[in-house]
Protein chains: 2
Amino acid sequence: MIYDFTYCNPTTIYFGKKSMSHLTEELQRYGANILLVYGKNSIKKTGIYDQICAILRETGKKVTELAGINSNPRYTQVLEGGRLVRENHIDLILAVGGGSVIDCSKAIAASAYYEGDPWQHYWMEQGPIENKVVPVASVLTMTGTASEMNTGSVITNEEKKLKVGRVFPFPDLCPKFSILNPEFTYTVPKTQMVSGIADIFSHLMEQYFSGDDDCTSDYLLEGVMLSLINASRKALVNPEDYEARSNIMWCATMGLNKILALSKTQDWEVHMIEHQLGAYTDCPHGIGLAVISPAYYRYICRHGLHKFVRFAKNVWHVDDTGKSEEQTALEGIQALEDFFRELGIPATLRELGATEEMLPLIAHSTIPGGGYYPMQEEDILHVLHECW
Amino acid sequence: MIYDFTYCNPTTIYFGKKSMSHLTEELQRYGANILLVYGKNSIKKTGIYDQICAILRETGKKVTELAGINSNPRYTQVLEGGRLVRENHIDLILAVGGGSVIDCSKAIAASAYYEGDPWQHYWMEQGPIENKVVPVASVLTMTGTASEMNTGSVITNEEKKLKVGRVFPFPDLCPKFSILNPEFTYTVPKTQMVSGIADIFSHLMEQYFSGDDDCTSDYLLEGVMLSLINASRKALVNPEDYEARSNIMWCATMGLNKILALSKTQDWEVHMIEHQLGAYTDCPHGIGLAVISPAYYRYICRHGLHKFVRFAKNVWHVDDTGKSEEQTALEGIQALEDFFRELGIPATLRELGATEEMLPLIAHSTIPGGGYYPMQEEDILHVLHECW
């Protein structure tokens, strides 16, 4: 089945070694008041902070800062950002960092002028945008979520122990522009690089493993998977391989700017499970996904065997001569798991800090969904035990 | 080498069986004066003309028509359109048809308010946009050029015997919205469907065959080629296979909305040669490309052997066991030529109406370029003789 779709993604991407040179011209399109949002101290160590501050000074901007955004950005930080936006009449939110910082910035952009309970309206009820939205732009320093070219915003409500994703309507919350310099990712610690790669791979699979139709998007997704595997292996050997880091960065953006999933059904259950794993353990998002994925796909593959055989053959070059479809499918999933091991990712949830007592709580709080197979709480618990 | 790039493509795509239902809401964003541009009578036969006219009436639009756009749109038609735009204070140009109609509409949009010689400024000198541009939108009825989601505009100046392509700056000339209903392509005659498929394949190859780097874009291009081959074979058997026609339509749009060529060098020499072939013979664009491509790629493949081997293996599944790289590369090009034969495309230029006397004139007037190998007039003439 080929589904109808509407697609519009107007984010301007500046990609490459000299991409920061476009920041000045872009800033001139906006008013004087900038909210600069970033994470911990890494952008100060690498000099990116100083570089951006110099451009903001030269363009005559008045800068308000919101620093310390967590890797799982917190709702309290969203509220704090909203207050800063209102008090300082912010004209542009400039997010400098990875997906967490950009996700948080979009959440601030959407909720600053919402008169009510933003958590309830935007995340719990996934309600429409009914208020003024502040423009968002980004300078990307860590790759994985594609938040730089989509409208996604995953926020953790610590008080309620909930990590909830929201895809805002396109194109309202698409960043106006995003600056992607692969060199900025050289200094990202290996664990975070690998977590980003696993996140990208998961996005690709969650768009891929649904529908048994023959859709152009499936071929595009396979192409990005093949490129990502190749580039990741090169970046593991040499983190300063510009070609490899460029390809990983672009695989990430293409992996979730939504252009690869058009006309297709999708299955985001692995992300749903990981969000609750993250809410309980605060583990790196991509690492959580990499542990859950093989167990989840082994659990559901019999219900979408055709696509898992295709995955095994086209992505992992599994030779299916003399094998049953199920054998071929399982070999593909094993190849996926081996790839995550090759990246140095742990194999079990317990290594990520999950206790056995947490598993039923995670399963109970996960939004049930699925693609080939409709997951219920007991199915999710089974998958969690399989990879615990 | 991974090149820096800027990308912004804000066209809204409405895709699917019910995509026309979005026309009313989109028209409400524009003023009352519409220039409706279309080709010959086919949209009247299929009822698409009546359907659109009804929506234009319901939304209270004042419609001016420019009909009869040729498959190679003529500069005289661009001038006529410009006059209509100025006289009727046109607010939106609505192109209904294939790439020719949309290309012509963009040319009108760019040149209507240019005070000077548009041909000289916009096509011969490829000059910047210095005047008011009229918004363009499209309803696609024939697939191939991706004009519905890019800024390309190929115009034939009959008087000067020149067919010249212009890529206007993104995003100024991107259609504001494009309506893509695969069912609208069911009634396209087989020759035109096949010409469109060859045009798409050519776009993919011209972006692919350059650079020996390992770039994510190359993997994406291979994915679209594989999807296109598969969908084309199905559409040949059953032109009303919705899945197949949808995939061909989306392969076309993705094939030249420029997102698959980012960071890559490209080689558009086959298009350059075909443009002049078209100027002399008025042959269908895609058919001309399909005749030239195998001859051209055989001529240059030794200079980019690595990529031609990759093409043979990844796109055509050529088994390279015990073969030299050159043998494998040539087998890939043979598979490409066989595919064009399978589509029913003639093998020679003479079947397209080219006389032997035309060949030096075509070679002489072709803009020389190339990727792996820098083509000169004598090289172009050699290629033309090879496929004459």
# chains A, B, ... in the order shown; residues from 1 in each chain; ligands from 1
>>> interface_residues(of="chain B", to="chain A", cutoff="6 Å", atoms="only C-alpha atoms", output="number ranges by chain")
B: 4-10, 12-16, 216, 219-220, 223, 227, 247
>>> select_by_dssp(residues="range 262-362 of chain A", states="alpha helix (DSSP H)", output="ChimeraX atom specification")
/A:269-281,285-300,305-316,325-342,358-362
>>> residues_around(residues="Tyr114 in chain B", least_positions_apart="5", cutoff="9 Å", atoms="only C-alpha atoms", output="list in words")
Ile129, Glu130, Asn131 and Lys132 of chain B
>>> atom_distance(atom1="CA of Leu140 in chain B", atom2="CA of Gly97 in chain B")
5.2 Å
>>> atom_distance(atom1="CA of Ala347 in chain A", atom2="CA of Thr328 in chain A")
21.7 Å
>>> closest_residue(among="A:Gln126, A:Ser210, A:Asn150, A:Gln120", to="Tyr297 in chain A", atoms="only C-alpha atoms")
A:Ser210
>>> residues_around(residues="Leu361 in chain B", least_positions_apart="2", cutoff="10 Å", atoms="only C-alpha atoms", output="ChimeraX atom specification")
/B:276-277,280,356-359,363-366,381
>>> write_last_selection(atoms="N, CA and C atoms", output="compact mmCIF listing (two decimals), in the first residue's frame")
# COMPACT_ATOMS: atom_id res chain seq x y z
N GLN B 276 21.01 19.61 -27.55
CA GLN B 276 21.26 20.02 -28.93
C GLN B 276 20.64 19.04 -29.93
N LEU B 277 20.64 17.75 -29.57
CA LEU B 277 19.92 16.77 -30.40
C LEU B 277 18.45 17.19 -30.50
N TYR B 280 17.75 20.08 -32.81
CA TYR B 280 17.78 19.75 -34.23
C TYR B 280 16.67 18.79 -34.66
N GLU B 356 23.00 12.18 -40.71
CA GLU B 356 24.44 12.17 -40.46
C GLU B 356 25.02 13.59 -40.55
N GLU B 357 24.40 14.41 -41.40
CA GLU B 357 24.87 15.79 -41.55
C GLU B 357 24.65 16.61 -40.28
N MET B 358 23.66 16.22 -39.50
CA MET B 358 23.38 16.99 -38.27
C MET B 358 24.45 16.78 -37.20
N LEU B 359 25.11 15.61 -37.24
CA LEU B 359 25.98 15.25 -36.10
C LEU B 359 27.05 16.30 -35.81
N ALA B 363 27.32 18.41 -32.36
CA ALA B 363 28.57 18.38 -31.57
C ALA B 363 29.12 19.79 -31.39
N HIS B 364 29.07 20.57 -32.44
CA HIS B 364 29.64 21.91 -32.39
C HIS B 364 28.87 22.83 -31.45
N SER B 365 27.55 22.63 -31.38
CA SER B 365 26.73 23.55 -30.57
C SER B 365 26.53 23.06 -29.13
N THR B 366 27.01 21.84 -28.83
CA THR B 366 26.87 21.32 -27.46
C THR B 366 27.87 21.99 -26.53
N LEU B 381 31.40 14.34 -30.96
CA LEU B 381 31.10 13.84 -32.30
C LEU B 381 31.32 12.33 -32.37
>>> select_by_dssp(residues="range 60-223 of chain B", states="strand (DSSP E or B)", output="number ranges by chain")
B: 62-66, 74, 92-97, 136-140, 152-157, 162-167, 177-180
>>> write_last_selection(atoms="C-alpha atoms", output="compact mmCIF listing (two decimals), in the first residue's frame")
# COMPACT_ATOMS: atom_id res chain seq x y z
CA LYS B 62 -9.97 35.17 -12.66
CA VAL B 63 -8.25 32.84 -15.09
CA THR B 64 -6.06 33.68 -18.06
CA GLU B 65 -4.95 30.73 -20.19
CA LEU B 66 -1.73 29.97 -22.02
CA ARG B 74 9.73 27.57 -26.89
CA LEU B 92 0.06 32.81 -9.42
CA ILE B 93 1.10 30.75 -12.43
CA LEU B 94 -0.55 27.32 -12.24
CA ALA B 95 1.21 24.83 -14.50
CA VAL B 96 -0.82 21.73 -15.37
CA GLY B 97 1.16 19.09 -17.26
CA VAL B 136 4.55 29.11 -9.62
CA ALA B 137 2.65 25.97 -8.61
CA SER B 138 1.97 22.75 -10.46
CA VAL B 139 -0.40 19.87 -11.02
CA LEU B 140 1.72 17.07 -12.48
CA GLY B 152 15.17 23.95 -13.52
CA SER B 153 13.88 25.51 -16.73
CA VAL B 154 14.97 24.20 -20.12
CA ILE B 155 13.88 26.43 -22.98
CA THR B 156 14.32 26.09 -26.74
CA ASN B 157 15.11 29.20 -28.73
CA LEU B 162 19.52 26.47 -29.03
CA LYS B 163 18.00 24.45 -26.19
CA VAL B 164 19.42 25.82 -22.96
CA GLY B 165 18.83 24.68 -19.39
CA ARG B 166 18.81 27.05 -16.47
CA VAL B 167 18.82 26.10 -12.80
CA PHE B 177 3.25 23.55 -4.13
CA SER B 178 2.91 20.60 -6.48
CA ILE B 179 0.08 18.13 -6.69
CA LEU B 180 1.18 14.61 -7.65
>>> residues_around(residues="His285 in chain B", least_positions_apart="4", cutoff="10 Å", atoms="only C-alpha atoms", output="list in words")
Ser71, Asn72, Gly144, Thr145, Gln192, Ser195, Gly196, Ala198, Asp199, His271, Glu274, His275, Leu277, Gly278, Leu289 and Ala290 of chain B
>>> write_last_selection(atoms="N, CA and C atoms", output="PDB file, in the first residue's frame")
ATOM      1  N   SER B  71       6.440  20.111 -26.212  1.00  0.00           N
ATOM      2  CA  SER B  71       7.234  19.212 -25.361  1.00  0.00           C
ATOM      3  C   SER B  71       8.641  19.772 -25.178  1.00  0.00           C
ATOM      4  N   ASN B  72       9.149  20.503 -26.145  1.00  0.00           N
ATOM      5  CA  ASN B  72      10.335  21.324 -25.925  1.00  0.00           C
ATOM      6  C   ASN B  72       9.859  22.776 -25.911  1.00  0.00           C
ATOM      7  N   GLY B 144       8.944  12.762 -14.856  1.00  0.00           N
ATOM      8  CA  GLY B 144      10.280  12.614 -15.435  1.00  0.00           C
ATOM      9  C   GLY B 144      11.258  13.679 -14.990  1.00  0.00           C
ATOM     10  N   THR B 145      10.903  14.940 -15.198  1.00  0.00           N
ATOM     11  CA  THR B 145      11.904  16.000 -15.046  1.00  0.00           C
ATOM     12  C   THR B 145      12.141  16.455 -13.618  1.00  0.00           C
ATOM     13  N   GLN B 192       5.667   8.155 -24.084  1.00  0.00           N
ATOM     14  CA  GLN B 192       5.978   9.243 -23.160  1.00  0.00           C
ATOM     15  C   GLN B 192       6.319   8.729 -21.769  1.00  0.00           C
ATOM     16  N   SER B 195       9.810   7.518 -22.077  1.00  0.00           N
ATOM     17  CA  SER B 195      10.711   8.666 -22.205  1.00  0.00           C
ATOM     18  C   SER B 195      10.953   9.283 -20.821  1.00  0.00           C
ATOM     19  N   GLY B 196       9.895   9.363 -20.030  1.00  0.00           N
ATOM     20  CA  GLY B 196      10.034   9.881 -18.660  1.00  0.00           C
ATOM     21  C   GLY B 196      10.944   9.004 -17.821  1.00  0.00           C
ATOM     22  N   ALA B 198      13.329   7.042 -18.848  1.00  0.00           N
ATOM     23  CA  ALA B 198      14.713   7.218 -19.304  1.00  0.00           C
ATOM     24  C   ALA B 198      15.288   8.549 -18.809  1.00  0.00           C
ATOM     25  N   ASP B 199      14.455   9.566 -18.764  1.00  0.00           N
ATOM     26  CA  ASP B 199      14.891  10.876 -18.262  1.00  0.00           C
ATOM     27  C   ASP B 199      15.285  10.758 -16.789  1.00  0.00           C
ATOM     28  N   HIS B 271      23.020  15.256 -20.864  1.00  0.00           N
ATOM     29  CA  HIS B 271      21.934  16.231 -21.044  1.00  0.00           C
ATOM     30  C   HIS B 271      22.336  17.344 -22.015  1.00  0.00           C
ATOM     31  N   GLU B 274      22.049  15.955 -25.466  1.00  0.00           N
ATOM     32  CA  GLU B 274      20.643  15.732 -25.843  1.00  0.00           C
ATOM     33  C   GLU B 274      19.926  17.048 -26.112  1.00  0.00           C
ATOM     34  N   HIS B 275      20.270  18.077 -25.343  1.00  0.00           N
ATOM     35  CA  HIS B 275      19.606  19.358 -25.585  1.00  0.00           C
ATOM     36  C   HIS B 275      19.811  19.802 -27.039  1.00  0.00           C
ATOM     37  N   LEU B 277      20.645  17.750 -29.575  1.00  0.00           N
ATOM     38  CA  LEU B 277      19.919  16.775 -30.400  1.00  0.00           C
ATOM     39  C   LEU B 277      18.446  17.186 -30.500  1.00  0.00           C
ATOM     40  N   GLY B 278      17.870  17.585 -29.360  1.00  0.00           N
ATOM     41  CA  GLY B 278      16.469  18.022 -29.327  1.00  0.00           C
ATOM     42  C   GLY B 278      16.242  19.274 -30.152  1.00  0.00           C
ATOM     43  N   LEU B 289      18.106  10.899 -24.533  1.00  0.00           N
ATOM     44  CA  LEU B 289      19.061  10.576 -23.457  1.00  0.00           C
ATOM     45  C   LEU B 289      19.392   9.090 -23.442  1.00  0.00           C
ATOM     46  N   ALA B 290      18.351   8.261 -23.647  1.00  0.00           N
ATOM     47  CA  ALA B 290      18.552   6.808 -23.571  1.00  0.00           C
ATOM     48  C   ALA B 290      19.429   6.310 -24.712  1.00  0.00           C
TER      49      ALA B 290
END
>>> residues_around(residues="range 55-57 of chain A", least_positions_apart="5", cutoff="10 Å", atoms="only C-alpha atoms", output="PDB file with N, CA and C atoms, in the first residue's frame")
ATOM      1  N   MET A  20      29.870  27.574   8.978  1.00  0.00           N
ATOM      2  CA  MET A  20      29.631  28.617   9.986  1.00  0.00           C
ATOM      3  C   MET A  20      29.673  30.019   9.378  1.00  0.00           C
ATOM      4  N   SER A  21      30.305  30.125   8.220  1.00  0.00           N
ATOM      5  CA  SER A  21      30.405  31.446   7.585  1.00  0.00           C
ATOM      6  C   SER A  21      29.031  32.003   7.191  1.00  0.00           C
ATOM      7  N   LEU A  23      26.433  32.014   9.208  1.00  0.00           N
ATOM      8  CA  LEU A  23      25.667  32.425  10.398  1.00  0.00           C
ATOM      9  C   LEU A  23      25.357  33.925  10.389  1.00  0.00           C
ATOM     10  N   THR A  24      26.340  34.734  10.000  1.00  0.00           N
ATOM     11  CA  THR A  24      26.146  36.190  10.000  1.00  0.00           C
ATOM     12  C   THR A  24      24.968  36.594   9.124  1.00  0.00           C
ATOM     13  N   LEU A  27      21.629  35.513  10.697  1.00  0.00           N
ATOM     14  CA  LEU A  27      21.238  36.263  11.896  1.00  0.00           C
ATOM     15  C   LEU A  27      20.626  37.613  11.533  1.00  0.00           C
ATOM     16  N   ALA A  32      16.946  41.522  17.453  1.00  0.00           N
ATOM     17  CA  ALA A  32      18.189  41.614  18.235  1.00  0.00           C
ATOM     18  C   ALA A  32      18.290  40.599  19.369  1.00  0.00           C
ATOM     19  N   ILE A  34      18.426  37.234  21.183  1.00  0.00           N
ATOM     20  CA  ILE A  34      18.716  35.825  20.899  1.00  0.00           C
ATOM     21  C   ILE A  34      18.779  35.043  22.210  1.00  0.00           C
ATOM     22  N   LEU A  36      20.437  31.831  23.503  1.00  0.00           N
ATOM     23  CA  LEU A  36      21.460  30.848  23.146  1.00  0.00           C
ATOM     24  C   LEU A  36      21.306  29.654  24.085  1.00  0.00           C
ATOM     25  N   ASP A  50      32.946  30.383  21.771  1.00  0.00           N
ATOM     26  CA  ASP A  50      33.599  31.681  21.534  1.00  0.00           C
ATOM     27  C   ASP A  50      33.357  32.172  20.108  1.00  0.00           C
ATOM     28  N   LYS A  62      21.653  40.945  21.301  1.00  0.00           N
ATOM     29  CA  LYS A  62      21.589  40.930  22.765  1.00  0.00           C
ATOM     30  C   LYS A  62      21.302  39.468  23.153  1.00  0.00           C
ATOM     31  N   VAL A  63      22.236  38.842  23.857  1.00  0.00           N
ATOM     32  CA  VAL A  63      22.164  37.396  24.066  1.00  0.00           C
ATOM     33  C   VAL A  63      21.739  37.037  25.488  1.00  0.00           C
TER      34      VAL A  63
END
>>> residues_around(residues="Glu325 in chain B", least_positions_apart="4", cutoff="12 Å", atoms="only C-alpha atoms", output="ChimeraX atom specification")
/B:301-313,318-321,329-332
>>> decode(residues="range 210-299 of chain B", atoms="C-alpha atoms", output="PDB file, in the first residue's frame")
ATOM      1  CA  SER B 210      31.423  11.576 -10.933  1.00  0.00           C
ATOM      2  CA  GLY B 211      33.790  11.529  -7.981  1.00  0.00           C
ATOM      3  CA  ASP B 212      35.332   8.272  -6.809  1.00  0.00           C
ATOM      4  CA  ASP B 213      34.556   9.101  -3.227  1.00  0.00           C
ATOM      5  CA  ASP B 214      32.282   7.209  -0.899  1.00  0.00           C
ATOM      6  CA  CYS B 215      29.353   9.568  -0.431  1.00  0.00           C
ATOM      7  CA  THR B 216      25.938   8.904   1.132  1.00  0.00           C
ATOM      8  CA  SER B 217      24.369  10.474  -1.966  1.00  0.00           C
ATOM      9  CA  ASP B 218      25.779   7.628  -4.116  1.00  0.00           C
ATOM     10  CA  TYR B 219      23.981   5.031  -1.997  1.00  0.00           C
ATOM     11  CA  LEU B 220      20.742   7.011  -2.232  1.00  0.00           C
ATOM     12  CA  LEU B 221      21.083   7.253  -6.013  1.00  0.00           C
ATOM     13  CA  GLU B 222      21.609   3.485  -6.267  1.00  0.00           C
ATOM     14  CA  GLY B 223      18.488   2.962  -4.160  1.00  0.00           C
ATOM     15  CA  VAL B 224      16.365   5.073  -6.498  1.00  0.00           C
ATOM     16  CA  MET B 225      17.820   3.326  -9.571  1.00  0.00           C
ATOM     17  CA  LEU B 226      16.869  -0.080  -8.118  1.00  0.00           C
ATOM     18  CA  SER B 227      13.377   1.095  -7.279  1.00  0.00           C
ATOM     19  CA  LEU B 228      12.924   2.649 -10.712  1.00  0.00           C
ATOM     20  CA  ILE B 229      14.019  -0.500 -12.571  1.00  0.00           C
ATOM     21  CA  ASN B 230      11.603  -2.592 -10.536  1.00  0.00           C
ATOM     22  CA  ALA B 231       8.663  -0.200 -10.846  1.00  0.00           C
ATOM     23  CA  SER B 232       9.213   0.374 -14.574  1.00  0.00           C
ATOM     24  CA  ARG B 233       9.028  -3.339 -15.332  1.00  0.00           C
ATOM     25  CA  LYS B 234       5.736  -3.562 -13.440  1.00  0.00           C
ATOM     26  CA  ALA B 235       4.286  -0.468 -15.147  1.00  0.00           C
ATOM     27  CA  LEU B 236       5.199  -1.887 -18.579  1.00  0.00           C
ATOM     28  CA  VAL B 237       3.079  -4.955 -17.837  1.00  0.00           C
ATOM     29  CA  ASN B 238       0.241  -2.991 -16.263  1.00  0.00           C
ATOM     30  CA  PRO B 239       0.193   0.791 -16.762  1.00  0.00           C
ATOM     31  CA  GLU B 240      -2.529   1.056 -14.099  1.00  0.00           C
ATOM     32  CA  ASP B 241      -0.448  -0.588 -11.357  1.00  0.00           C
ATOM     33  CA  TYR B 242      -0.844   2.167  -8.756  1.00  0.00           C
ATOM     34  CA  GLU B 243       2.141   1.077  -6.680  1.00  0.00           C
ATOM     35  CA  ALA B 244       4.407   1.025  -9.743  1.00  0.00           C
ATOM     36  CA  ARG B 245       3.203   4.384 -11.088  1.00  0.00           C
ATOM     37  CA  SER B 246       3.545   5.917  -7.609  1.00  0.00           C
ATOM     38  CA  ASN B 247       7.097   4.681  -7.277  1.00  0.00           C
ATOM     39  CA  ILE B 248       8.037   5.961 -10.748  1.00  0.00           C
ATOM     40  CA  MET B 249       6.515   9.339  -9.902  1.00  0.00           C
ATOM     41  CA  TRP B 250       8.385   9.618  -6.606  1.00  0.00           C
ATOM     42  CA  CYS B 251      11.639   8.321  -8.135  1.00  0.00           C
ATOM     43  CA  ALA B 252      11.325  11.184 -10.621  1.00  0.00           C
ATOM     44  CA  THR B 253      10.783  13.851  -7.987  1.00  0.00           C
ATOM     45  CA  MET B 254      13.520  12.524  -5.699  1.00  0.00           C
ATOM     46  CA  GLY B 255      15.725  12.032  -8.739  1.00  0.00           C
ATOM     47  CA  LEU B 256      16.135  15.741  -9.321  1.00  0.00           C
ATOM     48  CA  ASN B 257      14.924  17.712  -6.331  1.00  0.00           C
ATOM     49  CA  LYS B 258      18.669  17.922  -5.741  1.00  0.00           C
ATOM     50  CA  ILE B 259      18.680  16.164  -2.380  1.00  0.00           C
ATOM     51  CA  LEU B 260      20.426  13.100  -3.850  1.00  0.00           C
ATOM     52  CA  ALA B 261      23.425  14.987  -5.220  1.00  0.00           C
ATOM     53  CA  LEU B 262      24.508  16.951  -2.187  1.00  0.00           C
ATOM     54  CA  SER B 263      28.271  16.950  -1.507  1.00  0.00           C
ATOM     55  CA  LYS B 264      28.944  15.412  -4.933  1.00  0.00           C
ATOM     56  CA  THR B 265      30.420  16.574  -8.230  1.00  0.00           C
ATOM     57  CA  GLN B 266      28.107  15.813 -11.168  1.00  0.00           C
ATOM     58  CA  ASP B 267      28.416  15.244 -14.913  1.00  0.00           C
ATOM     59  CA  TRP B 268      25.562  16.593 -17.039  1.00  0.00           C
ATOM     60  CA  GLU B 269      27.224  16.103 -20.421  1.00  0.00           C
ATOM     61  CA  VAL B 270      24.609  13.597 -21.654  1.00  0.00           C
ATOM     62  CA  HIS B 271      21.934  16.231 -21.044  1.00  0.00           C
ATOM     63  CA  MET B 272      24.036  18.839 -22.834  1.00  0.00           C
ATOM     64  CA  ILE B 273      24.339  16.621 -25.909  1.00  0.00           C
ATOM     65  CA  GLU B 274      20.643  15.732 -25.843  1.00  0.00           C
ATOM     66  CA  HIS B 275      19.606  19.358 -25.585  1.00  0.00           C
ATOM     67  CA  GLN B 276      21.255  20.019 -28.931  1.00  0.00           C
ATOM     68  CA  LEU B 277      19.919  16.775 -30.400  1.00  0.00           C
ATOM     69  CA  GLY B 278      16.469  18.022 -29.327  1.00  0.00           C
ATOM     70  CA  ALA B 279      17.071  21.442 -30.857  1.00  0.00           C
ATOM     71  CA  TYR B 280      17.781  19.749 -34.235  1.00  0.00           C
ATOM     72  CA  THR B 281      15.299  16.861 -34.193  1.00  0.00           C
ATOM     73  CA  ASP B 282      12.616  17.792 -31.592  1.00  0.00           C
ATOM     74  CA  CYS B 283      12.823  14.153 -30.423  1.00  0.00           C
ATOM     75  CA  PRO B 284      11.381  13.248 -26.988  1.00  0.00           C
ATOM     76  CA  HIS B 285      13.955  14.312 -24.403  1.00  0.00           C
ATOM     77  CA  GLY B 286      14.170  11.021 -22.485  1.00  0.00           C
ATOM     78  CA  ILE B 287      14.406   8.922 -25.638  1.00  0.00           C
ATOM     79  CA  GLY B 288      17.334  11.033 -26.819  1.00  0.00           C
ATOM     80  CA  LEU B 289      19.061  10.576 -23.457  1.00  0.00           C
ATOM     81  CA  ALA B 290      18.552   6.808 -23.571  1.00  0.00           C
ATOM     82  CA  VAL B 291      20.187   6.540 -26.994  1.00  0.00           C
ATOM     83  CA  ILE B 292      23.169   8.726 -26.059  1.00  0.00           C
ATOM     84  CA  SER B 293      23.847   7.379 -22.538  1.00  0.00           C
ATOM     85  CA  PRO B 294      25.288   3.906 -23.259  1.00  0.00           C
ATOM     86  CA  ALA B 295      27.555   5.296 -25.997  1.00  0.00           C
ATOM     87  CA  TYR B 296      28.703   8.142 -23.762  1.00  0.00           C
ATOM     88  CA  TYR B 297      29.383   5.935 -20.747  1.00  0.00           C
ATOM     89  CA  ARG B 298      31.302   3.376 -22.835  1.00  0.00           C
ATOM     90  CA  TYR B 299      33.437   6.262 -24.081  1.00  0.00           C
TER      91      TYR B 299
END
